[in-house]
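**Q** To be precise about what I am sending: the file is called model-v6.cif and holds mmCIF, C-alpha atoms.
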data_work
loop_
_atom_site.label_atom_id
_atom_site.label_comp_id
_atom_site.auth_asym_id
_atom_site.auth_seq_id
_atom_site.Cartn_x
_atom_site.Cartn_y
_atom_site.Cartn_z
CA MET A 1 0.00 0.00 0.00
CA ALA A 2 1.08 3.56 -0.66
CA GLY A 3 2.44 5.31 2.39
CA HIS A 4 0.17 8.24 3.11
CA GLU A 5 -3.15 8.46 4.92
CA LEU A 6 -4.81 10.36 2.03
CA ILE A 7 -3.84 7.59 -0.37
CA ALA A 8 -5.00 4.93 2.11
CA ALA A 9 -8.34 6.74 2.49
CA GLN A 10 -8.77 6.93 -1.28
CA LEU A 11 -8.05 3.21 -1.55
CA ALA A 12 -10.52 2.41 1.22
CA ILE A 13 -13.29 4.20 -0.71
CA LEU A 14 -12.36 2.39 -3.92
CA ALA A 15 -12.17 -0.96 -2.10
CA ALA A 16 -15.80 -0.56 -1.00
CA ARG A 17 -16.90 0.02 -4.58
CA LEU A 18 -14.68 -1.94 -6.98
CA PRO A 19 -13.59 -5.58 -7.40
CA ALA A 20 -10.55 -6.63 -5.33
CA GLU A 21 -8.27 -7.12 -8.36
CA ALA A 22 -9.07 -3.67 -9.74
CA VAL A 23 -8.29 -2.16 -6.33
CA GLU A 24 -4.96 -4.02 -6.18
CA GLU A 25 -4.06 -2.64 -9.58
CA LEU A 26 -5.09 0.88 -8.58
CA ALA A 27 -3.11 0.53 -5.33
CA ASP A 28 0.02 -0.26 -7.32
CA GLY A 29 -0.63 2.72 -9.60
CA LEU A 30 -1.28 5.05 -6.66
CA HIS A 31 1.93 3.92 -4.99
CA GLU A 32 3.92 4.57 -8.19
CA ALA A 33 2.28 7.97 -8.66
CA TYR A 34 2.89 8.92 -5.02
CA ALA A 35 6.56 7.91 -5.22
CA ASP A 36 6.85 9.97 -8.40
CA GLN A 37 5.20 13.04 -6.83
CA LEU A 38 7.30 12.67 -3.68
CA ARG A 39 10.47 12.82 -5.81
CA ARG A 40 9.15 15.98 -7.47
CA HIS A 41 7.80 17.85 -4.42
CA GLY A 42 9.70 16.38 -1.46
CA ASP A 43 6.77 17.02 0.91
CA PRO A 44 4.56 13.94 1.67
CA ASP A 45 1.32 15.95 2.08
CA VAL A 46 1.82 17.91 -1.14
CA ALA A 47 2.80 14.69 -2.93
CA ALA A 48 -0.31 12.85 -1.67
CA ARG A 49 -2.64 15.69 -2.76
CA ALA A 50 -0.92 15.86 -6.16
CA THR A 51 -1.31 12.09 -6.52
CA ILE A 52 -5.06 12.23 -5.83
CA ALA A 53 -5.41 15.13 -8.29
CA GLU A 54 -3.42 13.19 -10.91
CA PHE A 55 -5.43 9.99 -10.43
CA GLY A 56 -8.87 11.56 -10.29
CA ASP A 57 -11.22 11.29 -7.31
CA ALA A 58 -12.97 8.07 -6.30
CA ASP A 59 -16.22 9.09 -8.06
CA THR A 60 -14.42 9.73 -11.36
CA ILE A 61 -12.56 6.42 -11.18
CA THR A 62 -15.65 4.40 -10.21
CA ALA A 63 -17.74 6.03 -12.94
CA ALA A 64 -15.02 5.16 -15.49
CA PHE A 65 -15.11 1.50 -14.39
CA VAL A 66 -18.91 1.43 -14.51
CA ARG A 67 -18.99 2.95 -18.02
CA VAL A 68 -16.95 0.11 -19.53
CA SER A 69 -18.43 -2.72 -17.46
CA PRO A 70 -20.07 -5.61 -19.36
CA TRP A 71 -22.97 -5.76 -16.91
CA ARG A 72 -23.92 -2.13 -17.53
CA ARG A 73 -24.03 -2.85 -21.28
CA THR A 74 -26.30 -5.83 -20.53
CA ALA A 75 -28.58 -3.73 -18.30
CA LEU A 76 -28.90 -1.05 -21.00
CA MET A 77 -29.55 -3.68 -23.69
CA LEU A 78 -32.31 -5.30 -21.62
CA LEU A 79 -33.90 -1.94 -20.81
CA ALA A 80 -33.70 -0.76 -24.43
CA THR A 81 -35.39 -3.90 -25.77
CA GLY A 82 -37.90 -3.99 -22.91
CA PRO A 83 -40.67 -1.97 -24.62
CA ILE A 84 -40.52 -4.14 -27.76
CA MET A 85 -40.70 -7.33 -25.70
CA ALA A 86 -43.55 -5.88 -23.64
CA ALA A 87 -45.50 -5.02 -26.82
CA LEU A 88 -44.96 -8.51 -28.30
CA TRP A 89 -46.07 -10.27 -25.13
CA ALA A 90 -48.98 -7.89 -24.59
CA ALA A 91 -50.24 -8.78 -28.07
CA THR A 92 -49.83 -12.48 -27.27
CA LEU A 93 -51.62 -12.23 -23.92
CA ILE A 94 -54.50 -10.13 -25.28
CA THR A 95 -55.11 -12.22 -28.43
CA GLY A 96 -54.63 -15.42 -26.42
CA GLN A 97 -57.17 -14.24 -23.80
CA ALA A 98 -54.74 -14.68 -20.94
CA TRP A 99 -57.38 -13.63 -18.40
CA ALA A 100 -59.15 -16.91 -19.11
CA TRP A 101 -56.10 -19.14 -18.58
CA PRO A 102 -56.64 -21.54 -15.68
CA LEU A 103 -54.00 -20.02 -13.42
CA PRO A 104 -54.64 -18.91 -9.83
CA THR A 105 -54.80 -15.12 -9.44
CA PRO A 106 -51.96 -15.05 -6.85
CA VAL A 107 -49.67 -16.68 -9.44
CA LYS A 108 -50.51 -13.98 -11.99
CA VAL A 109 -49.99 -11.24 -9.41
CA LEU A 110 -46.71 -12.79 -8.28
CA TYR A 111 -45.48 -12.89 -11.89
CA GLY A 112 -46.37 -9.23 -12.36
CA VAL A 113 -44.60 -8.23 -9.15
CA ALA A 114 -41.51 -10.27 -10.09
CA LEU A 115 -41.41 -8.64 -13.54
CA LEU A 116 -41.69 -5.14 -12.06
CA THR A 117 -38.95 -6.00 -9.55
CA VAL A 118 -36.61 -7.13 -12.32
CA VAL A 119 -37.26 -3.95 -14.33
CA GLY A 120 -36.68 -1.91 -11.16
CA LEU A 121 -33.38 -3.68 -10.50
CA LEU A 122 -32.14 -3.07 -14.04
CA LEU A 123 -33.21 0.59 -13.94
CA ALA A 124 -31.50 1.10 -10.60
CA ALA A 125 -28.32 -0.48 -11.98
CA ALA A 126 -28.30 1.70 -15.08
CA LEU A 127 -28.88 4.88 -13.08
CA ARG A 128 -26.24 4.33 -10.36
CA PRO A 129 -22.86 5.09 -11.92
CA ARG A 130 -20.85 5.12 -8.68
CA VAL A 131 -21.57 1.80 -7.03
CA HIS A 132 -19.71 -0.77 -9.09
CA ARG A 133 -19.73 -3.94 -6.99
CA ARG A 134 -23.32 -3.83 -5.70
CA THR A 135 -24.65 -2.76 -9.10
CA ARG A 136 -22.94 -5.71 -10.78
CA LEU A 137 -24.75 -8.10 -8.43
CA THR A 138 -28.01 -6.24 -9.06
CA VAL A 139 -27.69 -6.69 -12.84
CA ILE A 140 -26.75 -10.37 -12.48
CA ALA A 141 -29.81 -10.92 -10.26
CA GLY A 142 -31.99 -9.00 -12.73
CA ALA A 143 -30.65 -10.94 -15.72
CA LEU A 144 -31.19 -14.31 -14.00
CA GLY A 145 -34.70 -13.23 -12.97
CA LEU A 146 -35.45 -12.27 -16.54
CA ILE A 147 -34.30 -15.68 -17.83
CA LEU A 148 -36.66 -17.34 -15.36
CA LEU A 149 -39.58 -15.06 -16.19
CA ASP A 150 -39.04 -15.43 -19.96
CA GLY A 151 -38.96 -19.21 -19.59
CA LEU A 152 -42.14 -19.25 -17.50
CA MET A 153 -43.98 -16.93 -19.88
CA MET A 154 -43.03 -18.96 -22.96
CA THR A 155 -44.00 -22.27 -21.36
CA THR A 156 -47.31 -20.94 -20.06
CA ALA A 157 -48.27 -19.17 -23.29
CA LEU A 158 -47.41 -22.18 -25.46
CA HIS A 159 -49.49 -24.37 -23.16
CA PHE A 160 -52.60 -22.24 -22.63
CA SER A 161 -52.85 -19.75 -25.50
CA THR A 162 -55.89 -20.31 -27.70
CA GLY A 163 -55.53 -17.20 -29.85
CA PRO A 164 -53.91 -16.69 -33.27
CA VAL A 165 -50.43 -18.11 -33.79
CA TRP A 166 -48.70 -14.98 -35.15
CA PRO A 167 -48.26 -13.11 -31.85
CA LEU A 168 -46.70 -16.21 -30.29
CA ALA A 169 -44.56 -16.75 -33.39
CA ALA A 170 -43.11 -13.27 -32.86
CA ALA A 171 -42.90 -13.21 -29.04
CA VAL A 172 -41.32 -16.65 -28.44
CA PRO A 173 -38.33 -16.21 -30.82
CA ALA A 174 -37.82 -12.68 -29.47
CA SER A 175 -37.72 -14.04 -25.91
CA LEU A 176 -35.40 -16.87 -26.97
CA ILE A 177 -33.02 -14.37 -28.57
CA ARG A 178 -33.05 -12.26 -25.39
CA LEU A 179 -32.53 -15.36 -23.27
CA LEU A 180 -29.52 -16.42 -25.37
CA ALA A 181 -28.11 -12.88 -25.25
CA VAL A 182 -28.35 -12.89 -21.45
CA VAL A 183 -26.76 -16.36 -21.17
CA ARG A 184 -23.88 -15.19 -23.41
CA ALA A 185 -23.44 -12.01 -21.34
CA LEU A 186 -23.33 -13.85 -18.01
CA PRO A 187 -19.72 -15.20 -18.05
CA PRO A 188 -18.09 -11.77 -18.62
CA MET A 189 -20.47 -10.27 -16.03
CA LEU A 190 -19.48 -12.90 -13.47
CA ALA A 191 -15.78 -12.42 -14.27
CA ALA A 192 -15.84 -8.58 -14.21
CA MET B 1 -6.06 18.54 -23.90
CA ARG B 2 -9.51 17.63 -22.59
CA ALA B 3 -10.60 13.99 -22.36
CA GLU B 4 -13.64 14.67 -24.61
CA ALA B 5 -11.32 15.73 -27.43
CA LEU B 6 -9.78 12.25 -27.34
CA LYS B 7 -13.08 10.47 -27.84
CA GLY B 8 -12.60 7.80 -30.46
CA HIS B 9 -8.80 7.95 -30.25
CA LEU B 10 -8.12 6.70 -26.73
CA ASP B 11 -7.90 3.04 -27.75
CA GLY B 12 -5.29 3.82 -30.42
CA LEU B 13 -3.28 5.94 -28.00
CA LEU B 14 -3.25 3.22 -25.33
CA LEU B 15 -2.30 0.56 -27.88
CA ALA B 16 0.52 2.81 -29.15
CA ALA B 17 1.79 3.27 -25.58
CA LEU B 18 2.19 -0.52 -25.38
CA GLU B 19 3.88 -0.91 -28.75
CA ASP B 20 7.41 -0.80 -27.36
CA GLY B 21 6.76 -3.55 -24.82
CA PRO B 22 4.75 -4.51 -21.73
CA ARG B 23 3.76 -1.74 -19.28
CA HIS B 24 1.63 -1.42 -16.17
CA GLY B 25 -1.23 1.09 -15.96
CA TYR B 26 0.70 4.00 -14.49
CA ALA B 27 3.58 3.45 -16.92
CA VAL B 28 1.09 3.52 -19.83
CA LYS B 29 -0.19 6.88 -18.62
CA GLU B 30 3.34 8.23 -18.21
CA ALA B 31 4.36 6.97 -21.66
CA LEU B 32 1.33 8.75 -23.14
CA ARG B 33 2.18 11.97 -21.30
CA GLU B 34 5.83 11.88 -22.33
CA ALA B 35 5.10 10.99 -25.97
CA THR B 36 2.76 13.98 -26.23
CA GLU B 37 5.05 16.29 -24.22
CA GLY B 38 2.41 16.66 -21.53
CA ARG B 39 -0.41 17.67 -23.90
CA ILE B 40 -2.34 14.48 -23.13
CA ASP B 41 -2.43 13.92 -19.39
CA LEU B 42 -5.53 11.90 -18.55
CA PRO B 43 -6.71 11.21 -14.97
CA THR B 44 -4.64 8.09 -14.24
CA GLY B 45 -7.55 6.27 -12.61
CA THR B 46 -9.53 6.32 -15.84
CA ILE B 47 -6.71 4.56 -17.75
CA TYR B 48 -7.30 1.28 -15.88
CA PRO B 49 -10.93 0.64 -16.94
CA ALA B 50 -9.95 1.49 -20.53
CA LEU B 51 -7.15 -1.10 -20.33
CA HIS B 52 -9.62 -3.66 -18.94
CA ARG B 53 -11.96 -2.98 -21.86
CA LEU B 54 -9.11 -3.48 -24.37
CA GLU B 55 -8.18 -6.70 -22.59
CA ARG B 56 -11.75 -8.02 -22.81
CA ALA B 57 -11.68 -7.16 -26.53
CA GLY B 58 -8.53 -9.31 -26.89
CA LEU B 59 -6.36 -6.38 -28.04
CA ILE B 60 -4.02 -6.54 -25.04
CA ALA B 61 -3.17 -9.28 -22.54
CA GLY B 62 -2.63 -8.67 -18.83
CA ASP B 63 -0.37 -10.60 -16.50
CA TRP B 64 0.16 -10.35 -12.73
CA SER B 65 3.60 -10.21 -11.13
CA VAL B 66 4.97 -9.13 -7.76
CA VAL B 67 7.14 -5.99 -7.64
CA GLY B 68 8.42 -4.55 -4.37
CA GLY B 69 5.98 -6.72 -2.43
CA ARG B 70 2.98 -5.40 -4.38
CA ARG B 71 0.97 -7.22 -7.01
CA ARG B 72 1.29 -5.51 -10.38
CA ARG B 73 -0.71 -6.07 -13.56
CA THR B 74 1.29 -5.56 -16.73
CA TYR B 75 -0.20 -5.39 -20.21
CA GLU B 76 1.17 -6.20 -23.63
CA LEU B 77 -0.18 -5.99 -27.16
CA THR B 78 -1.67 -9.09 -28.73
CA ALA B 79 -1.48 -9.85 -32.45
CA ALA B 80 -5.05 -8.53 -32.81
CA GLY B 81 -3.99 -5.39 -30.93
CA ARG B 82 -1.11 -4.78 -33.35
CA THR B 83 -3.49 -5.12 -36.29
CA VAL B 84 -5.95 -2.65 -34.76
CA LEU B 85 -3.13 -0.22 -33.93
CA SER B 86 -1.93 -0.34 -37.52
CA ARG B 87 -5.48 0.31 -38.75
CA GLU B 88 -5.93 3.20 -36.29
CA ARG B 89 -2.67 4.73 -37.46
CA THR B 90 -3.63 4.55 -41.15
CA GLY B 91 -7.10 5.93 -40.41
CA TRP B 92 -5.67 8.81 -38.39
CA GLN B 93 -3.11 9.70 -41.08
CA GLU B 94 -5.83 9.82 -43.75
CA PHE B 95 -8.06 11.91 -41.48
CA ALA B 96 -5.26 14.30 -40.51
CA THR B 97 -4.17 14.70 -44.14
CA ALA B 98 -7.73 15.54 -45.21
CA ILE B 99 -8.30 18.04 -42.39
CA THR B 100 -4.89 19.65 -42.86
CA ALA B 101 -5.57 20.06 -46.57
CA ALA B 102 -8.99 21.58 -45.93
CA LEU B 103 -7.87 23.94 -43.18
CA GLY B 104 -4.60 24.91 -44.77
CA THR B 105 -5.59 25.78 -48.36
CA ARG B 106 -9.16 27.03 -48.41
CA SER B 107 -10.10 30.55 -47.50
CA TRP B 108 -13.49 30.51 -45.81
CA PRO B 109 -16.21 32.85 -47.13
CA ALA B 110 -17.38 35.71 -44.93
CA THR B 111 -20.69 35.07 -43.17
CA SER B 112 -21.97 38.64 -43.18
#
Show me, as structure tokens, the structure contained in the file I just sent.

**A**
Amino acid sequence: MAGHELIAAQLAILAARLPAEAVEELADGLHEAYADQLRRHGDPDVAARATIAEFGDADTITAAFVRVSPWRRTALMLLATGPIMAALWAATLITGQAWAWPLPTPVKVLYGVALLTVVGLLLAAALRPRVHRRTRLTVIAGALGLILLDGLMMTTALHFSTGPVWPLAAAVPASLIRLLAVVRALPPMLAA
Amino acid sequence: MRAEALKGHLDGLLLAALEDGPRHGYAVKEALREATEGRIDLPTGTIYPALHRLERAGLIAGDWSVVGGRRRRTYELTAAGRTVLSRERTGWQEFATAITAALGTRSWPATS
């Protein structure tokens, strides 16, 4: 660790927000920068302040990590395609007379609540640029929830829908594509 | 030079900073600053996520080592990175030639 309390404090903030390996890398960089500034200025306090100024504050650094993170891209992709998916499934549910499907009302309500929760999680993740670690977990939870909900919706609609085939023929492939996109995005999200 | 002015060119600059051999994040930033005589001096902390993005894209490869008791991640160009750097360089030269020609030879008409 770099040898000044300002640097240690900066690292403590970053450690609460970023993955351990990123913090280790930043710690090495901060140490190098501090040693460099100490050679230039001679005074430890001046050197530490110059190092922080040179590195950028914790908010700037965290926001830069969040901007390039694979999970943020996934959250934005899911939110951007959300309205199209909603329209496709709304058409399927309306033409298939979903209100007449033999499912208990609590199950339907639970599905709706779960869907709203997932959308809320993804929105929260996309709108919080300074909380890297927690937001990553939020997106992973949201993405896994969406896989589950997509799977349930497809199975139920294919089983109970009595309406025309075309809405299902559009909604099911769209959901499958989204499901595959999420599955492909998961490994980099878990590794980030 | 402001970071916004570098939009679209940062990847090429980081790849160029690694062309001479492996470097860690702070050394990449210093190489960039020295090569541009201080004109490009980005916040060091923002260099690291950009390097991670290039690594995920397969353009650079990172490796951990221990230096002075601290873990250090060092990056080097991959073959794909060298190809992209060469493409960036050609693209920039064409762009710079076109802009230089336009700015240097044409007299702009008066607007009033």

**Q** Contacts between chain A and chain B, please, where a residue of chain B counts if it comes within 7 Å (with only C-alpha atoms); show its shortest atom pair and distance in Å to one decimal, rows by chain and ascending number, as JSON lines.

**A**
{"residue": "B:Gly25", "atom": "CA", "partner": "A:Gly29", "partner_atom": "CA", "distance": 6.6}
{"residue": "B:Tyr26", "atom": "CA", "partner": "A:Gly29", "partner_atom": "CA", "distance": 5.2}
{"residue": "B:Pro43", "atom": "CA", "partner": "A:Phe55", "partner_atom": "CA", "distance": 4.9}
{"residue": "B:Thr44", "atom": "CA", "partner": "A:Phe55", "partner_atom": "CA", "distance": 4.3}
{"residue": "B:Gly45", "atom": "CA", "partner": "A:Phe55", "partner_atom": "CA", "distance": 4.8}
{"residue": "B:Thr46", "atom": "CA", "partner": "A:Ile61", "partner_atom": "CA", "distance": 5.6}
{"residue": "B:Pro49", "atom": "CA", "partner": "A:Phe65", "partner_atom": "CA", "distance": 5.0}
{"residue": "B:Arg53", "atom": "CA", "partner": "A:Val68", "partner_atom": "CA", "distance": 6.3}
{"residue": "B:Arg70", "atom": "CA", "partner": "A:Asp28", "partner_atom": "CA", "distance": 6.6}
{"residue": "B:Arg71", "atom": "CA", "partner": "A:Glu24", "partner_atom": "CA", "distance": 6.8}
{"residue": "B:Arg72", "atom": "CA", "partner": "A:Glu25", "partner_atom": "CA", "distance": 6.1}
{"residue": "B:Arg73", "atom": "CA", "partner": "A:Glu25", "partner_atom": "CA", "distance": 6.2}

**Q** Hey, what comes out of the PyMOL selection byres ((chain A and resi 4) around 8) on this file? Could you write it as an NGL selection string?

**A** :A and (2-3 or 5-8 or 44-45 or 48)

**Q** Find the distance between atom CA of Arg23 of chain B and atom CA of Glu76 of chain B and write it in Å to one decimal.

**A**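 Atom CA of Arg23 of chain B sits 6.7 Å away from atom CA of Glu76 of chain B.
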
**Q** Just give me the gap between atom CA of Leu15 of chain B and atom CA of Gly81 of chain B in Å, one decimal is fine.

**A** 6.9 Å

**Q** If I put a ball of radius 10 Å at (-1.1, 5.8, -27.3) in the file's coordinates, which residues poke into it when counting all atoms listed in the file, written as a VMD selection string?

**A** chain B and resid 9 to 19 28 to 29 31 to 33 35 to 36 40 85

**Q** Using only C-alpha atoms, can you tell me which of A:Thr138, A:Gln10, A:Gln97, A:Thr81 comes closest to Met189 of chain A?

**A** A:Thr138

**Q** Given the file shown, determine the residues that the PyMOL selection byres ((chain A and resi 93) around 10) selects; report them as a ChimeraX atom specification.

**A** /A:87-92,94-99,101,153,157,161-163,167-168

**Q** Using all atoms listed in the file, which of the listed residues (A:Val107, A:Ala169, A:Leu123, A:Ala181) sits closest to Leu152 of chain A?

**A**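 Smallest separation from Leu152 of chain A among the options: A:Val107.
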
**Q** Could you check how far atom CA of Ala101 of chain B sits from atom CA of Val84 of chain B, in Å to one decimal?

**A**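 Between these atoms lies a distance of 25.6 Å.
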
**Q** Could you get me a file of segment 145-158 of chain A with N, CA, C and O atoms, as a short mmCIF file (atom, residue, chain, number, x, y, z; two decimals), in the first residue's frame, taken from the block above?

**A**
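Output saved as out-v3.cif:
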data_model
loop_
_atom_site.label_atom_id
_atom_site.label_comp_id
_atom_site.auth_asym_id
_atom_site.auth_seq_id
_atom_site.Cartn_x
_atom_site.Cartn_y
_atom_site.Cartn_z
N GLY A 145 -33.25 -13.32 -13.16
CA GLY A 145 -34.70 -13.23 -12.97
C GLY A 145 -35.42 -13.16 -14.30
O GLY A 145 -36.45 -13.81 -14.50
N LEU A 146 -34.83 -12.42 -15.23
CA LEU A 146 -35.45 -12.27 -16.54
C LEU A 146 -35.45 -13.59 -17.32
O LEU A 146 -36.42 -13.93 -18.01
N ILE A 147 -34.36 -14.36 -17.19
CA ILE A 147 -34.30 -15.68 -17.83
C ILE A 147 -35.45 -16.54 -17.31
O ILE A 147 -36.17 -17.18 -18.08
N LEU A 148 -35.62 -16.53 -16.00
CA LEU A 148 -36.66 -17.34 -15.36
C LEU A 148 -38.05 -16.90 -15.83
O LEU A 148 -38.90 -17.73 -16.21
N LEU A 149 -38.27 -15.58 -15.82
CA LEU A 149 -39.58 -15.06 -16.19
C LEU A 149 -39.88 -15.31 -17.68
O LEU A 149 -41.02 -15.64 -18.05
N ASP A 150 -38.87 -15.14 -18.53
CA ASP A 150 -39.04 -15.43 -19.96
C ASP A 150 -39.41 -16.89 -20.17
O ASP A 150 -40.32 -17.22 -20.94
N GLY A 151 -38.69 -17.77 -19.47
CA GLY A 151 -38.96 -19.21 -19.59
C GLY A 151 -40.37 -19.55 -19.15
O GLY A 151 -41.09 -20.30 -19.84
N LEU A 152 -40.78 -18.99 -18.02
CA LEU A 152 -42.14 -19.25 -17.50
C LEU A 152 -43.20 -18.75 -18.45
O LEU A 152 -44.19 -19.44 -18.73
N MET A 153 -42.99 -17.53 -18.98
CA MET A 153 -43.98 -16.93 -19.88
C MET A 153 -44.12 -17.76 -21.16
O MET A 153 -45.23 -18.03 -21.61
N MET A 154 -42.98 -18.18 -21.72
CA MET A 154 -43.03 -18.96 -22.96
C MET A 154 -43.75 -20.28 -22.74
O MET A 154 -44.63 -20.67 -23.51
N THR A 155 -43.38 -20.97 -21.65
CA THR A 155 -44.00 -22.27 -21.36
C THR A 155 -45.50 -22.12 -21.17
O THR A 155 -46.30 -22.87 -21.74
N THR A 156 -45.89 -21.14 -20.37
CA THR A 156 -47.31 -20.94 -20.06
C THR A 156 -48.09 -20.57 -21.31
O THR A 156 -49.17 -21.12 -21.58
N ALA A 157 -47.55 -19.63 -22.09
CA ALA A 157 -48.27 -19.17 -23.29
C ALA A 157 -48.41 -20.30 -24.30
O ALA A 157 -49.48 -20.47 -24.90
N LEU A 158 -47.34 -21.06 -24.50
CA LEU A 158 -47.41 -22.18 -25.46
C LEU A 158 -48.44 -23.22 -25.00
O LEU A 158 -49.10 -23.88 -25.81
#
